[in-house]
Amino acid sequence: MRFPLESLVLAWALAASGCLVSDNLAPGRPCAEDTDCPEAYRCVGSSEGQGTCEVQYPPRPLNTDAGTPDAGPVPTWCQDIRPILAASCVASCHGATTSGSGRTDFRLDLYAQDGGVLGAREMASRIKFRAVDRQDMPPPGSPAPSAAERDLLSRWVLGGAPGCADGGTQ
């Protein structure tokens, strides 16, 4: 069977650009604990033993300077991050009202896990991945964080997602 040269060139171009359908089944795969997920993923769930594999990005930081030496102090949940998430994520999707997302397994108006509901601290790597790296959250038509706010989100995650300057979460 002969393939025209154009077909081979097209196949090579698609492969080189990453435009092939991935068989990566890790995102959304059921899990009970982190060891059920591939490397760079962790088990995120709303109750014991019932979770899904989600990308963990970035890996746990080796230092907590959250950027270059002139980046300033690591942003905190209370002072910097909660207002950004309240304006961009919480209103009708990822707060007490979830009508916009249908997700009840996490809330971004909470810092830490409350019962079976994950908070922003547990979702920090996912927040960075979706709101900063991919910038597909919030969805079009919703208020989006500015570039400076996205930088704060990134530095918060890289700095270990700290609560409040006084050690609290309120």
# chains A, B, ... in the order shown; residues from 1 in each chain; ligands from 1
>>> residues_around(residues="Ser142 (chain A)", least_positions_apart="2", cutoff="10 Å", atoms="only C-alpha atoms", output="compact mmCIF listing (two decimals) with C-alpha atoms, in the first residue's frame")
# COMPACT_ATOMS: atom_id res chain seq x y z
CA ALA A 87 -14.31 37.49 42.64
CA SER A 88 -13.44 34.89 40.01
CA CYS A 89 -14.51 31.46 41.25
CA ALA A 91 -20.02 33.46 43.16
CA MET A 137 -10.87 28.84 34.43
CA PRO A 138 -12.94 30.76 35.04
CA PRO A 139 -14.94 30.01 31.90
CA PRO A 140 -15.55 32.71 29.28
CA ALA A 144 -11.21 36.48 35.22
CA PRO A 145 -8.20 37.26 37.40
>>> select_by_dssp(residues="region 75-135 of chain A", states="alpha helix (DSSP H)", output="list of chain:residue names")
A:Arg82, A:Pro83, A:Ile84, A:Leu85, A:Ala120, A:Arg121, A:Glu122, A:Met123, A:Ala124, A:Ser125, A:Arg126, A:Ile127
>>> write_last_selection(atoms="N, CA, C and O atoms", output="CSV table (one decimal), in the first residue's frame")
chain,number,residue,atom,x,y,z
A,82,ARG,N,-7.9,34.7,48.9
A,82,ARG,CA,-9.4,34.7,49.1
A,82,ARG,C,-10.1,35.7,48.3
A,82,ARG,O,-11.1,35.4,47.7
A,83,PRO,N,-9.7,37.0,48.3
A,83,PRO,CA,-10.4,38.0,47.5
A,83,PRO,C,-10.4,37.7,46.0
A,83,PRO,O,-11.4,37.9,45.3
A,84,ILE,N,-9.3,37.1,45.5
A,84,ILE,CA,-9.2,36.7,44.0
A,84,ILE,C,-10.2,35.6,43.7
A,84,ILE,O,-11.0,35.7,42.8
A,85,LEU,N,-10.2,34.6,44.6
A,85,LEU,CA,-11.1,33.4,44.3
A,85,LEU,C,-12.6,33.9,44.5
A,85,LEU,O,-13.4,33.4,43.8
A,120,ALA,N,-9.6,25.3,49.3
A,120,ALA,CA,-8.6,25.8,48.4
A,120,ALA,C,-7.2,25.3,48.6
A,120,ALA,O,-6.4,25.1,47.7
A,121,ARG,N,-6.8,25.1,49.9
A,121,ARG,CA,-5.5,24.5,50.2
A,121,ARG,C,-5.3,23.2,49.5
A,121,ARG,O,-4.3,23.0,48.8
A,122,GLU,N,-6.3,22.3,49.6
A,122,GLU,CA,-6.1,21.0,48.9
A,122,GLU,C,-6.2,21.1,47.4
A,122,GLU,O,-5.7,20.2,46.7
A,123,MET,N,-6.9,22.1,46.9
A,123,MET,CA,-7.0,22.3,45.5
A,123,MET,C,-6.0,23.2,44.9
A,123,MET,O,-6.1,23.6,43.7
A,124,ALA,N,-5.1,23.7,45.7
A,124,ALA,CA,-4.1,24.7,45.2
A,124,ALA,C,-3.4,24.4,43.9
A,124,ALA,O,-3.4,25.2,43.0
A,125,SER,N,-2.9,23.2,43.8
A,125,SER,CA,-2.2,22.8,42.6
A,125,SER,C,-3.1,22.8,41.4
A,125,SER,O,-2.8,23.2,40.3
A,126,ARG,N,-4.4,22.4,41.6
A,126,ARG,CA,-5.4,22.4,40.5
A,126,ARG,C,-5.8,23.8,40.1
A,126,ARG,O,-6.0,24.1,39.0
A,127,ILE,N,-5.9,24.7,41.1
A,127,ILE,CA,-6.2,26.1,40.9
A,127,ILE,C,-5.1,26.7,40.0
A,127,ILE,O,-5.4,27.4,39.0
>>> closest_residue(among="A:Gly51, A:Leu108, A:Gly100, A:Gly115", to="Ile81 (chain A)", atoms="only C-alpha atoms")
A:Leu108
>>> select_by_dssp(residues="region 35-146 of chain A", states="strand (DSSP E)", output="PyMOL selection string")
chain A and resi 41-47+50-55
>>> closest_residue(among="A:Glu39, A:Asp80, A:Asp105, A:Glu33", to="Glu149 (chain A)", atoms="only C-alpha atoms")
A:Asp80
>>> atom_distance(atom1="CA of Gly45 (chain A)", atom2="CA of Gly102 (chain A)")
14.8 Å
>>> residues_around(residues="Glu54 (chain A)", least_positions_apart="5", cutoff="8 Å", atoms="only C-alpha atoms", output="ChimeraX atom specification")
/A:26-28,41-44,126
>>> closest_residue(among="A:Arg107, A:Cys78, A:Val55, A:Gly163", to="Lys128 (chain A)", atoms="only C-alpha atoms")
A:Val55
